[in-house]
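Data from final.cif: mmCIF, C-alpha atoms and all ligand atoms
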```
data_query
#
loop_
_atom_site.label_atom_id
_atom_site.label_comp_id
_atom_site.auth_asym_id
_atom_site.auth_seq_id
_atom_site.Cartn_x
_atom_site.Cartn_y
_atom_site.Cartn_z
CA MET A 749 -32.99 -13.37 -28.07
CA GLU A 750 -30.09 -13.49 -25.61
CA PHE A 751 -26.53 -12.60 -26.43
CA ASP A 752 -24.82 -15.86 -27.36
CA LEU A 753 -21.16 -15.56 -28.30
CA ASN A 754 -20.87 -19.08 -29.69
CA ASN A 755 -23.77 -18.49 -31.98
CA LEU A 756 -22.36 -15.17 -33.13
CA LEU A 757 -18.91 -16.48 -34.05
CA ARG A 758 -18.04 -17.85 -37.47
CA GLN A 759 -18.15 -21.64 -37.19
CA ASN A 760 -14.61 -22.03 -38.56
CA ILE A 761 -13.36 -19.80 -35.74
CA LYS A 762 -15.40 -21.68 -33.15
CA ARG A 763 -13.86 -24.95 -34.35
CA LEU A 764 -10.34 -23.57 -34.78
CA ILE A 765 -7.57 -25.13 -32.71
CA PRO A 766 -5.14 -22.21 -32.36
CA TYR A 767 -1.42 -22.40 -33.14
CA SER A 768 0.52 -23.45 -30.09
CA SER A 769 3.96 -21.87 -29.88
CA ALA A 770 6.98 -23.13 -27.95
CA ARG A 771 6.36 -20.30 -25.47
CA ASP A 772 2.79 -21.47 -24.99
CA GLU A 773 3.89 -25.01 -24.17
CA TYR A 774 6.64 -24.26 -21.67
CA LYS A 775 6.32 -21.10 -19.62
CA GLY A 776 9.27 -21.39 -17.20
CA LYS A 777 12.00 -18.73 -17.26
CA ASP A 778 15.12 -20.74 -16.36
CA GLY A 779 16.72 -23.43 -18.42
CA ILE A 780 18.43 -24.20 -21.69
CA PHE A 781 15.87 -23.30 -24.31
CA LEU A 782 16.20 -25.47 -27.37
CA ASP A 783 12.51 -25.50 -28.26
CA ALA A 784 11.94 -22.62 -30.69
CA ASN A 785 14.75 -22.78 -33.25
CA GLU A 786 16.11 -19.43 -32.11
CA ASN A 787 19.80 -18.50 -32.40
CA THR A 788 20.92 -19.31 -28.86
CA ASN A 789 24.21 -17.39 -29.30
CA GLY A 790 22.41 -14.10 -29.13
CA ALA A 791 21.50 -11.24 -31.46
CA PRO A 792 24.11 -9.15 -33.33
CA ILE A 793 22.87 -6.08 -31.48
CA SER A 794 21.95 -5.53 -27.86
CA PHE A 795 20.05 -3.03 -25.78
CA ASP A 796 20.95 -0.72 -22.97
CA LYS A 797 21.09 -2.68 -19.71
CA ASP A 798 17.89 -0.95 -18.55
CA TYR A 799 16.01 -3.07 -21.03
CA GLN A 800 15.87 -6.83 -20.61
CA ILE A 801 15.35 -7.57 -24.27
CA ASN A 802 16.88 -10.72 -25.72
CA LEU A 803 16.27 -10.14 -29.38
CA ASN A 804 17.29 -13.70 -30.28
CA ARG A 805 14.31 -15.02 -28.29
CA TYR A 806 10.63 -14.95 -29.27
CA PRO A 807 8.52 -12.51 -27.27
CA ASP A 808 5.85 -13.42 -24.72
CA PRO A 809 2.86 -14.32 -26.93
CA LEU A 810 0.35 -13.11 -24.32
CA GLN A 811 2.31 -10.02 -23.17
CA LEU A 812 1.50 -10.83 -19.54
CA GLU A 813 3.84 -8.34 -17.88
CA LEU A 814 2.56 -5.50 -20.05
CA LYS A 815 -1.07 -6.51 -19.54
CA GLU A 816 -0.58 -6.67 -15.79
CA LYS A 817 0.76 -3.13 -15.78
CA LEU A 818 -1.92 -1.76 -18.10
CA GLY A 819 -4.58 -3.66 -16.14
CA LYS A 820 -3.53 -1.89 -12.93
CA ILE A 821 -3.96 1.50 -14.59
CA LYS A 822 -7.30 0.60 -16.20
CA GLY A 823 -8.75 -1.44 -13.31
CA LEU A 824 -8.96 -4.58 -15.43
CA ALA A 825 -7.84 -8.20 -15.07
CA ILE A 826 -5.37 -9.66 -17.59
CA GLU A 827 -8.17 -11.93 -18.83
CA ASN A 828 -10.13 -8.90 -20.00
CA ILE A 829 -7.31 -7.41 -22.09
CA PHE A 830 -6.18 -8.12 -25.64
CA LEU A 831 -3.14 -6.28 -26.98
CA GLY A 832 -2.71 -5.76 -30.71
CA ASN A 833 -0.27 -4.30 -33.17
CA GLY A 834 -2.20 -1.04 -32.85
CA SER A 835 -5.96 -1.04 -32.29
CA ASP A 836 -6.17 -1.57 -36.04
CA GLU A 837 -5.28 -5.22 -35.39
CA ALA A 838 -8.16 -5.53 -32.93
CA ILE A 839 -10.57 -4.09 -35.51
CA ASP A 840 -9.43 -6.59 -38.13
CA ILE A 841 -9.66 -9.56 -35.73
CA LEU A 842 -13.20 -8.60 -34.70
CA ILE A 843 -14.33 -8.56 -38.32
CA ARG A 844 -12.64 -11.86 -39.14
CA ALA A 845 -13.98 -13.57 -36.02
CA PHE A 846 -17.61 -12.62 -36.41
CA CYS A 847 -18.44 -11.89 -40.05
CA TYR A 848 -18.74 -14.38 -42.90
CA PRO A 849 -17.33 -12.70 -46.03
CA THR A 850 -19.93 -11.79 -48.70
CA LYS A 851 -22.75 -12.68 -46.31
CA GLU A 852 -22.68 -10.69 -43.11
CA ASN A 853 -22.31 -7.01 -42.30
CA ILE A 854 -21.13 -4.36 -39.88
CA ILE A 855 -22.68 -0.95 -39.14
CA VAL A 856 -20.61 2.24 -39.03
CA CYS A 857 -21.73 5.83 -38.44
CA PRO A 858 -19.91 8.26 -40.74
CA PRO A 859 -18.15 10.58 -40.56
CA THR A 860 -15.91 8.35 -38.47
CA TYR A 861 -12.57 6.53 -38.35
CA GLY A 862 -11.89 4.94 -41.74
CA MET A 863 -10.37 1.65 -40.65
CA TYR A 864 -13.67 -0.05 -39.68
CA GLU A 865 -14.86 0.20 -43.27
CA ILE A 866 -11.49 -0.62 -44.85
CA SER A 867 -10.94 -3.65 -42.66
CA ALA A 868 -14.45 -4.89 -43.48
CA LYS A 869 -13.90 -4.36 -47.21
CA ILE A 870 -10.56 -6.21 -47.15
CA ASN A 871 -12.43 -9.12 -45.61
CA ASP A 872 -15.27 -8.80 -48.16
CA VAL A 873 -17.73 -7.95 -45.39
CA GLU A 874 -20.57 -5.55 -46.20
CA VAL A 875 -20.60 -2.12 -44.54
CA LEU A 876 -23.97 -0.57 -43.69
CA LYS A 877 -23.77 3.17 -43.03
CA VAL A 878 -25.99 5.19 -40.74
CA PRO A 879 -24.66 8.76 -40.79
CA LEU A 880 -24.41 10.82 -37.62
CA THR A 881 -26.86 13.70 -37.29
CA GLN A 882 -25.89 16.81 -39.23
CA ASP A 883 -23.82 19.38 -37.34
CA THR A 884 -24.38 17.85 -33.87
CA PHE A 885 -22.73 14.57 -34.93
CA GLN A 886 -24.86 12.42 -32.63
CA LEU A 887 -26.02 8.85 -33.24
CA ASP A 888 -29.18 8.34 -35.28
CA THR A 889 -30.35 5.56 -32.96
CA GLU A 890 -33.63 5.03 -34.79
CA GLY A 891 -31.72 4.71 -38.06
CA ILE A 892 -29.26 2.25 -36.52
CA LEU A 893 -32.00 0.06 -35.02
CA LYS A 894 -33.83 0.04 -38.38
CA THR A 895 -30.65 -0.86 -40.27
CA ILE A 896 -29.74 -3.86 -38.09
CA ASN A 897 -30.70 -7.08 -39.86
CA GLU A 898 -30.17 -10.78 -39.18
CA ASN A 899 -26.72 -10.58 -40.80
CA THR A 900 -25.45 -7.67 -38.70
CA LYS A 901 -22.67 -8.80 -36.38
CA LEU A 902 -20.81 -5.69 -35.26
CA ILE A 903 -21.63 -2.02 -34.69
CA PHE A 904 -18.63 0.32 -34.50
CA LEU A 905 -19.08 3.53 -32.50
CA CYS A 906 -16.25 5.98 -31.95
CA CYS A 907 -16.34 8.11 -28.79
CA PRO A 908 -14.84 10.71 -28.85
CA ASN A 909 -15.30 10.48 -32.59
CA ASN A 910 -12.67 11.07 -35.26
CA PRO A 911 -12.79 13.41 -37.25
CA THR A 912 -15.58 15.34 -35.49
CA GLY A 913 -13.99 15.35 -32.01
CA ASN A 914 -17.23 15.10 -30.07
CA GLY A 915 -18.58 12.36 -27.85
CA VAL A 916 -21.82 10.54 -28.53
CA LYS A 917 -24.40 10.50 -25.75
CA TRP A 918 -24.41 7.58 -23.31
CA ASP A 919 -28.23 7.21 -23.57
CA ALA A 920 -27.84 6.48 -27.27
CA ILE A 921 -24.98 4.00 -26.79
CA LYS A 922 -26.94 2.30 -24.00
CA LEU A 923 -30.01 1.94 -26.19
CA ILE A 924 -27.93 0.17 -28.82
CA LEU A 925 -26.17 -2.06 -26.29
CA ASP A 926 -29.58 -3.02 -24.87
CA SER A 927 -31.25 -3.63 -28.22
CA PHE A 928 -28.56 -5.38 -30.27
CA ASN A 929 -27.51 -8.99 -29.74
CA GLY A 930 -24.31 -8.65 -31.75
CA ILE A 931 -21.12 -6.96 -30.61
CA VAL A 932 -20.99 -3.21 -29.95
CA VAL A 933 -17.47 -1.83 -30.32
CA ILE A 934 -16.73 1.51 -28.68
CA ASP A 935 -13.49 3.03 -29.93
CA GLU A 936 -12.04 5.16 -27.12
CA ALA A 937 -8.76 6.12 -28.81
CA TYR A 938 -9.23 9.73 -27.55
CA ILE A 939 -10.87 9.04 -24.18
CA ASN A 940 -7.96 10.56 -22.22
CA PHE A 941 -8.86 14.00 -23.57
CA ALA A 942 -12.59 13.73 -22.85
CA SER A 943 -14.65 15.42 -20.17
CA TYR A 944 -16.36 12.09 -19.41
CA ARG A 945 -15.08 8.70 -18.36
CA SER A 946 -14.32 5.49 -20.19
CA LEU A 947 -17.10 2.91 -20.51
CA ILE A 948 -14.80 0.26 -18.99
CA PRO A 949 -17.07 -0.16 -15.91
CA GLU A 950 -19.93 -1.08 -18.27
CA LEU A 951 -18.06 -4.24 -19.32
CA LEU A 952 -19.56 -5.82 -16.19
CA ASN A 953 -23.08 -5.08 -17.42
CA TYR A 954 -22.71 -5.83 -21.12
CA PRO A 955 -21.26 -9.14 -22.40
CA ASN A 956 -21.60 -7.75 -25.96
CA LEU A 957 -19.39 -4.69 -25.33
CA VAL A 958 -15.84 -4.33 -26.67
CA ILE A 959 -13.83 -1.20 -25.87
CA LEU A 960 -10.81 -0.18 -27.94
CA GLN A 961 -8.03 2.01 -26.60
CA THR A 962 -4.49 2.66 -27.79
CA LEU A 963 -1.08 3.89 -26.68
CA SER A 964 -0.87 5.86 -29.95
CA LYS A 965 -2.50 9.13 -28.88
CA ALA A 966 -2.32 10.46 -25.29
CA TRP A 967 0.48 8.03 -24.42
CA GLY A 968 2.63 9.37 -27.24
CA LEU A 969 3.62 5.94 -28.57
CA ALA A 970 2.14 5.87 -32.07
CA GLY A 971 5.40 4.47 -33.44
CA LEU A 972 5.38 1.52 -31.07
CA ARG A 973 2.11 0.04 -32.41
CA VAL A 974 0.35 -1.05 -29.24
CA GLY A 975 -3.43 -0.96 -29.06
CA ALA A 976 -5.86 -2.71 -26.75
CA ALA A 977 -9.29 -4.26 -26.69
CA PHE A 978 -11.11 -4.66 -23.38
CA ALA A 979 -13.99 -7.16 -23.13
CA SER A 980 -15.34 -10.24 -21.35
CA GLN A 981 -12.91 -13.13 -20.94
CA GLN A 982 -14.99 -15.08 -23.47
CA ILE A 983 -14.42 -12.45 -26.16
CA ILE A 984 -10.74 -11.95 -25.25
CA ASP A 985 -10.25 -15.73 -25.65
CA VAL A 986 -11.51 -15.35 -29.23
CA PHE A 987 -8.95 -12.59 -29.91
CA ASN A 988 -6.17 -14.76 -28.50
CA LYS A 989 -7.22 -17.71 -30.61
CA ILE A 990 -7.00 -15.76 -33.87
CA LYS A 991 -4.09 -13.38 -33.36
CA PRO A 992 -0.68 -14.17 -34.84
CA PRO A 993 1.28 -15.90 -32.04
CA TYR A 994 3.84 -13.11 -31.55
CA ASN A 995 1.80 -10.08 -32.56
CA ILE A 996 3.66 -7.62 -30.30
CA ASN A 997 7.43 -7.69 -30.63
CA SER A 998 9.77 -7.75 -27.60
CA VAL A 999 10.99 -4.19 -28.12
CA SER A 1000 7.46 -2.79 -28.14
CA GLN A 1001 6.51 -4.84 -25.09
CA GLN A 1002 9.52 -3.73 -23.03
CA ILE A 1003 9.29 -0.07 -24.03
CA ALA A 1004 5.56 0.00 -23.31
CA ILE A 1005 6.15 -1.59 -19.88
CA LYS A 1006 8.64 1.17 -19.02
CA ALA A 1007 6.51 3.93 -20.53
CA LEU A 1008 3.53 2.96 -18.36
CA ASP A 1009 5.60 4.02 -15.32
CA ASN A 1010 5.32 7.59 -16.57
CA LEU A 1011 1.60 8.08 -16.06
CA GLY A 1012 2.33 11.39 -14.32
CA GLN A 1013 4.04 12.82 -17.39
CA VAL A 1014 1.17 11.69 -19.60
CA ASN A 1015 -1.45 13.22 -17.30
CA THR A 1016 0.45 16.52 -17.33
CA TRP A 1017 0.46 16.48 -21.13
CA ILE A 1018 -3.25 15.67 -21.25
CA LYS A 1019 -4.06 18.70 -19.07
CA GLU A 1020 -1.91 20.93 -21.23
CA ILE A 1021 -3.34 19.62 -24.49
CA VAL A 1022 -6.91 20.10 -23.23
CA ALA A 1023 -6.12 23.65 -22.09
CA GLN A 1024 -4.48 24.41 -25.45
CA ARG A 1025 -7.42 22.86 -27.30
CA ASN A 1026 -9.85 25.17 -25.50
CA LEU A 1027 -7.65 28.21 -26.05
CA LEU A 1028 -7.07 27.43 -29.71
CA SER A 1029 -10.81 26.80 -30.23
CA ASP A 1030 -11.61 30.23 -28.78
CA GLU A 1031 -8.96 32.04 -30.78
CA ILE A 1032 -9.66 30.30 -34.08
CA SER A 1033 -13.40 30.91 -33.78
CA LYS A 1034 -12.71 34.69 -33.76
CA LEU A 1035 -11.14 34.61 -37.23
CA PRO A 1036 -13.36 36.05 -39.98
CA PHE A 1037 -13.00 33.12 -42.37
CA ILE A 1038 -13.95 30.54 -39.73
CA LEU A 1039 -17.63 29.60 -39.76
CA LYS A 1040 -17.52 27.23 -36.82
CA VAL A 1041 -15.23 25.41 -34.41
CA TYR A 1042 -16.92 22.20 -33.34
CA PRO A 1043 -16.75 21.28 -29.64
CA SER A 1044 -14.01 18.69 -29.06
CA ASP A 1045 -13.33 16.03 -26.46
CA ALA A 1046 -10.20 14.91 -28.30
CA ASN A 1047 -6.68 16.20 -29.07
CA PHE A 1048 -7.81 17.83 -32.30
CA ILE A 1049 -10.49 20.24 -33.45
CA LEU A 1050 -12.73 20.22 -36.49
CA VAL A 1051 -13.13 23.66 -38.01
CA LYS A 1052 -15.62 24.78 -40.67
CA THR A 1053 -14.34 27.45 -43.04
CA ASN A 1054 -15.44 29.12 -46.25
CA ASN A 1055 -12.27 28.06 -48.08
CA PRO A 1056 -10.84 24.75 -46.81
CA SER A 1057 -8.49 24.11 -49.76
CA GLY A 1058 -7.16 27.67 -49.75
CA ILE A 1059 -6.41 27.60 -46.02
CA TYR A 1060 -4.93 24.12 -46.25
CA GLN A 1061 -2.62 25.23 -49.10
CA TYR A 1062 -1.65 28.45 -47.35
CA LEU A 1063 -0.71 26.63 -44.14
CA ALA A 1064 1.21 23.98 -46.08
CA GLU A 1065 3.22 26.75 -47.77
CA ASN A 1066 4.06 27.90 -44.25
CA LYS A 1067 5.12 24.35 -43.36
CA ILE A 1068 2.11 23.72 -41.15
CA ILE A 1069 0.34 20.53 -42.16
CA ILE A 1070 -3.25 19.90 -41.14
CA ARG A 1071 -5.89 17.56 -42.54
CA ASN A 1072 -8.39 18.67 -45.16
CA ARG A 1073 -11.60 16.79 -44.38
CA SER A 1074 -13.86 18.82 -46.65
CA SER A 1075 -14.63 15.89 -48.96
CA VAL A 1076 -15.87 13.74 -46.05
CA LEU A 1077 -19.63 13.24 -45.63
CA LEU A 1078 -21.16 15.95 -43.36
CA CYS A 1079 -17.78 17.69 -43.12
CA GLU A 1080 -18.14 20.09 -46.06
CA GLY A 1081 -15.71 23.00 -45.62
CA CYS A 1082 -13.97 21.30 -42.69
CA LEU A 1083 -10.34 21.11 -41.64
CA ARG A 1084 -9.04 18.89 -38.84
CA ILE A 1085 -6.27 20.36 -36.73
CA THR A 1086 -4.25 18.38 -34.17
CA ILE A 1087 -3.40 20.30 -30.99
CA GLY A 1088 0.36 20.84 -31.01
CA THR A 1089 2.80 22.10 -28.38
CA ILE A 1090 2.25 25.60 -26.99
CA GLU A 1091 4.88 26.91 -29.44
CA GLU A 1092 3.41 25.08 -32.42
CA ASN A 1093 -0.07 26.35 -31.61
CA LYS A 1094 1.23 29.93 -31.41
CA THR A 1095 2.85 29.55 -34.82
CA LEU A 1096 -0.37 28.13 -36.25
CA LEU A 1097 -2.47 30.93 -34.80
CA ASN A 1098 -0.10 33.61 -36.09
CA ALA A 1099 -0.15 32.10 -39.55
CA LEU A 1100 -3.95 31.99 -39.52
CA LYS A 1101 -4.17 35.61 -38.37
CA ASN A 1102 -2.05 36.59 -41.37
CA TYR A 1103 -4.16 34.68 -43.86
CA ASN A 1104 -5.63 36.96 -46.49
CA GLN A 1105 -8.65 35.44 -48.13
C1 LIG B 1201 -5.72 6.99 -34.13
C2 LIG B 1201 -6.93 6.14 -33.94
C3 LIG B 1201 -6.80 4.80 -33.56
C4 LIG B 1201 -5.45 4.26 -33.25
O1 LIG B 1201 -5.06 3.23 -33.99
P1 LIG B 1201 -3.69 2.50 -33.61
O2 LIG B 1201 -3.72 1.40 -34.61
O3 LIG B 1201 -3.84 2.01 -32.20
O4 LIG B 1201 -2.58 3.46 -33.77
C5 LIG B 1201 -7.94 4.06 -33.36
N1 LIG B 1201 -9.17 4.61 -33.52
C6 LIG B 1201 -9.32 5.89 -33.85
C7 LIG B 1201 -10.66 6.48 -33.95
C8 LIG B 1201 -8.21 6.69 -34.10
O5 LIG B 1201 -8.36 7.96 -34.46
#
```

Kindly present the structure from the file in structure tokens form.
Amino acid sequence: MEFDLNNLLRQNIKRLIPYSSARDEYKGKDGIFLDANENTNGAPISFDKDYQINLNRYPDPLQLELKEKLGKIKGLAIENIFLGNGSDEAIDILIRAFCYPTKENIIVCPPTYGMYEISAKINDVEVLKVPLTQDTFQLDTEGILKTINENTKLIFLCCPNNPTGNGVKWDAIKLILDSFNGIVVIDEAYINFASYRSLIPELLNYPNLVILQTLSKAWGLAGLRVGAAFASQQIIDVFNKIKPPYNINSVSQQIAIKALDNLGQVNTWIKEIVAQRNLLSDEISKLPFILKVYPSDANFILVKTNNPSGIYQYLAENKIIIRNRSSVLLCEGCLRITIGTIEENKTLLNALKNYNQ
């Protein structure tokens, strides 16, 4: 069977006539705007003159200026970009667009990012789990292909994966893209820290591929809530149909537009974080109570220890907060540590060296 987007969509979504906002109907910039019930006097607060933000006006529903800028960096047309209130919004829209509650399902490969499962459960969509391989955290492709049934609509793969930090092999992703007629979502939240490239060029080969990225990690804008989905125009049209009309506020749009000018700064940080990650991995692996530091392509490392709770508590007492992942499937004994600044990493390492088991 061929990939057929219209067949894959929920019928109510296919039939939906989306909300049309005032900004959708009239796109000109000059004039007296009396079409959106805004307060035309202004807002009781204003921004620095560097920012052209009129808070009394609704934001651009399609974020065209921001998409144009991001598109230039990513080598993508505006038509292939959806922007969400974090990539979490993109995950939720995918599930609502394609899966009938109580009837259809998604596949996830734990241990992985929790929001795929939570979003599915909120929407009463079944979650089928095919765990990654033990210790190497690679895809069990045979298991995935066996688990796919006629009600499977989406497969979520995270690369580099959270919380394991590693990438999954392209051969395995390709096999799934080639064999599955539903949508394959590749979450690339950590791609900027990886030793391999984004799968964006593969969008030309796979109409069933959706790639998620975000400004929350390498770009240092987690507080702004801007995430992206990249896909065929056909799929992006579905996102635009379902999203709330003004899903990214004017402040976030304008700040993101300005931040994207600072690609140089971000690339410098990425290099430093990767260097620190490698250094920290080496140093931490020498400690006697560390059983293993897993290889990472992200801005964090997963570390196996003989006493996860004890180390977690000890660091917390020293005001260093990490994530205890030891109760997560296949992560027994594991702690997840975000790579900090050079100073923060030194402090962490010193604290660990002074840990008495
Ligand atoms: C942090 C993270 C995200 C980012 O979500 P936002 O909503 O864009 O902040 C997405 N996927 C994974 C795997 C993450 O770890």

> Pick the closest to ligand LIG 1201 (chain B) from A:Cys1079, A:Leu960, A:Ile948, A:Leu1063: which is it, counting all atoms listed in the file?
Replying inline: A:Leu960

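The gap separating CA of Tyr1042 in chain A from CA of Asn1066 in chain A is 24.3 Å, in Å to one decimal.
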
> For ligand LIG 1201 (chain B), which residue out of A:Ile1059, A:Ile984, A:Ala1004, A:Ala838 is the nearest one, using only C-alpha atoms and all ligand atoms?
Replying inline: A:Ala838

Residues of chain A that approach ligand LIG 1201 (chain B) to 9 Å or less, counting all atoms listed in the file: could you list each one with the shortest pair of atoms and its distance in Å to one decimal, rows by chain and increasing residue number, as JSON lines?
```
{"residue": "A:Gly832", "atom": "CA", "partner": "B:LIG1201", "partner_atom": "O3", "distance": 8.0}
{"residue": "A:Asn833", "atom": "CA", "partner": "B:LIG1201", "partner_atom": "O2", "distance": 6.8}
{"residue": "A:Gly834", "atom": "CA", "partner": "B:LIG1201", "partner_atom": "O2", "distance": 3.4}
{"residue": "A:Ser835", "atom": "CA", "partner": "B:LIG1201", "partner_atom": "O3", "distance": 3.7}
{"residue": "A:Asp836", "atom": "CA", "partner": "B:LIG1201", "partner_atom": "O2", "distance": 4.1}
{"residue": "A:Glu837", "atom": "CA", "partner": "B:LIG1201", "partner_atom": "O2", "distance": 6.8}
{"residue": "A:Ala838", "atom": "CA", "partner": "B:LIG1201", "partner_atom": "O2", "distance": 8.4}
{"residue": "A:Ile839", "atom": "CA", "partner": "B:LIG1201", "partner_atom": "O2", "distance": 8.8}
{"residue": "A:Thr860", "atom": "CA", "partner": "B:LIG1201", "partner_atom": "C7", "distance": 7.2}
{"residue": "A:Tyr861", "atom": "CA", "partner": "B:LIG1201", "partner_atom": "C7", "distance": 4.8}
{"residue": "A:Gly862", "atom": "CA", "partner": "B:LIG1201", "partner_atom": "C7", "distance": 8.0}
{"residue": "A:Met863", "atom": "CA", "partner": "B:LIG1201", "partner_atom": "N1", "distance": 7.8}
{"residue": "A:Tyr864", "atom": "CA", "partner": "B:LIG1201", "partner_atom": "N1", "distance": 8.9}
{"residue": "A:Cys906", "atom": "CA", "partner": "B:LIG1201", "partner_atom": "C7", "distance": 6.0}
{"residue": "A:Cys907", "atom": "CA", "partner": "B:LIG1201", "partner_atom": "C7", "distance": 7.8}
{"residue": "A:Pro908", "atom": "CA", "partner": "B:LIG1201", "partner_atom": "C7", "distance": 7.8}
{"residue": "A:Asn909", "atom": "CA", "partner": "B:LIG1201", "partner_atom": "C7", "distance": 6.3}
{"residue": "A:Asn910", "atom": "CA", "partner": "B:LIG1201", "partner_atom": "C7", "distance": 5.2}
{"residue": "A:Pro911", "atom": "CA", "partner": "B:LIG1201", "partner_atom": "O5", "distance": 7.6}
{"residue": "A:Asp935", "atom": "CA", "partner": "B:LIG1201", "partner_atom": "N1", "distance": 5.8}
{"residue": "A:Glu936", "atom": "CA", "partner": "B:LIG1201", "partner_atom": "N1", "distance": 7.0}
{"residue": "A:Ala937", "atom": "CA", "partner": "B:LIG1201", "partner_atom": "N1", "distance": 5.0}
{"residue": "A:Tyr938", "atom": "CA", "partner": "B:LIG1201", "partner_atom": "O5", "distance": 7.2}
{"residue": "A:Leu960", "atom": "CA", "partner": "B:LIG1201", "partner_atom": "C5", "distance": 7.5}
{"residue": "A:Gln961", "atom": "CA", "partner": "B:LIG1201", "partner_atom": "O3", "distance": 7.0}
{"residue": "A:Thr962", "atom": "CA", "partner": "B:LIG1201", "partner_atom": "O3", "distance": 4.5}
{"residue": "A:Leu963", "atom": "CA", "partner": "B:LIG1201", "partner_atom": "O3", "distance": 6.5}
{"residue": "A:Ser964", "atom": "CA", "partner": "B:LIG1201", "partner_atom": "O4", "distance": 4.8}
{"residue": "A:Lys965", "atom": "CA", "partner": "B:LIG1201", "partner_atom": "C1", "distance": 6.5}
{"residue": "A:Leu969", "atom": "CA", "partner": "B:LIG1201", "partner_atom": "O4", "distance": 8.5}
{"residue": "A:Ala970", "atom": "CA", "partner": "B:LIG1201", "partner_atom": "O4", "distance": 5.6}
{"residue": "A:Gly971", "atom": "CA", "partner": "B:LIG1201", "partner_atom": "O4", "distance": 8.1}
{"residue": "A:Leu972", "atom": "CA", "partner": "B:LIG1201", "partner_atom": "O4", "distance": 8.6}
{"residue": "A:Arg973", "atom": "CA", "partner": "B:LIG1201", "partner_atom": "O4", "distance": 6.0}
{"residue": "A:Val974", "atom": "CA", "partner": "B:LIG1201", "partner_atom": "O3", "distance": 6.0}
{"residue": "A:Gly975", "atom": "CA", "partner": "B:LIG1201", "partner_atom": "O3", "distance": 4.3}
{"residue": "A:Ala976", "atom": "CA", "partner": "B:LIG1201", "partner_atom": "O3", "distance": 7.5}
```

> Residues around (-23.1, -3.6, -48.5), cut-off 12 Å, counting only C-alpha atoms - what are they as a PyMOL selection string?
Replying inline: chain A and resi 849-856+865+868-869+872-877+895+899-900

> Which neighbours of Ile761 in chain A fall inside 12 Å, counting all atoms listed in the file, when residues of the same chain fewer than 5 positions from it are skipped, and could you give them as a PyMOL selection string?
Replying inline: chain A and resi 753-756+766+841-848+985-991

>> Neighbouring residues of Pro809 in chain A were defined as those with any atom within 10 Å, considering all atoms listed in the file; residues of the same chain fewer than 6 positions away were excluded. Please report them as a list in words.
In response: Ser768, Ser769, Ala770, Arg771, Asp772, Asn988, Lys991, Pro992, Pro993, Tyr994, Asn995, Ile996, Asn997 and Ser998 of chain A

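Note that the spacing between CA of Ile939 in chain A and CA of Asn953 in chain A amounts to 19.9 Å.
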
> From the list A:Glu827, A:Asp796, A:Glu950, A:Glu813, which residue is nearest Trp918 in chain A when using only C-alpha atoms?
Replying inline: A:Glu950

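CA of Gly891 in chain A to CA of Gly913 in chain A spans 21.5 Å [interatomic distance, one decimal].
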
> So which residues fall inside 9 Å of (-3.6, 13.9, -28.8) if we count all atoms listed in the file? Mind giving them as a PyMOL selection string?
Replying inline: chain A and resi 938+940-941+964-968+1018+1021-1022+1046-1048+1086-1088

> Which is closer to Asn1054 in chain A than all the others in A:Leu902, A:Leu831, A:Ile1069, A:Leu1035, using all atoms listed in the file?
Replying inline: A:Leu1035

>> Using only C-alpha atoms, which protein or nucleic acid residues come within 12 Å of Ile1070 in chain A? Drop anything in the same chain fewer than 6 positions from it, and give the result as an MDAnalysis selection string.
In response: chainID A and resid 1048:1051 1056:1057 1059:1064 1082:1088 1093 1096

>> From the options A:Asn1104, A:Gln982, A:Thr1095, A:Ser1033, which residue's atoms come nearest to Leu757 in chain A, counting only C-alpha atoms?
In response: A:Gln982
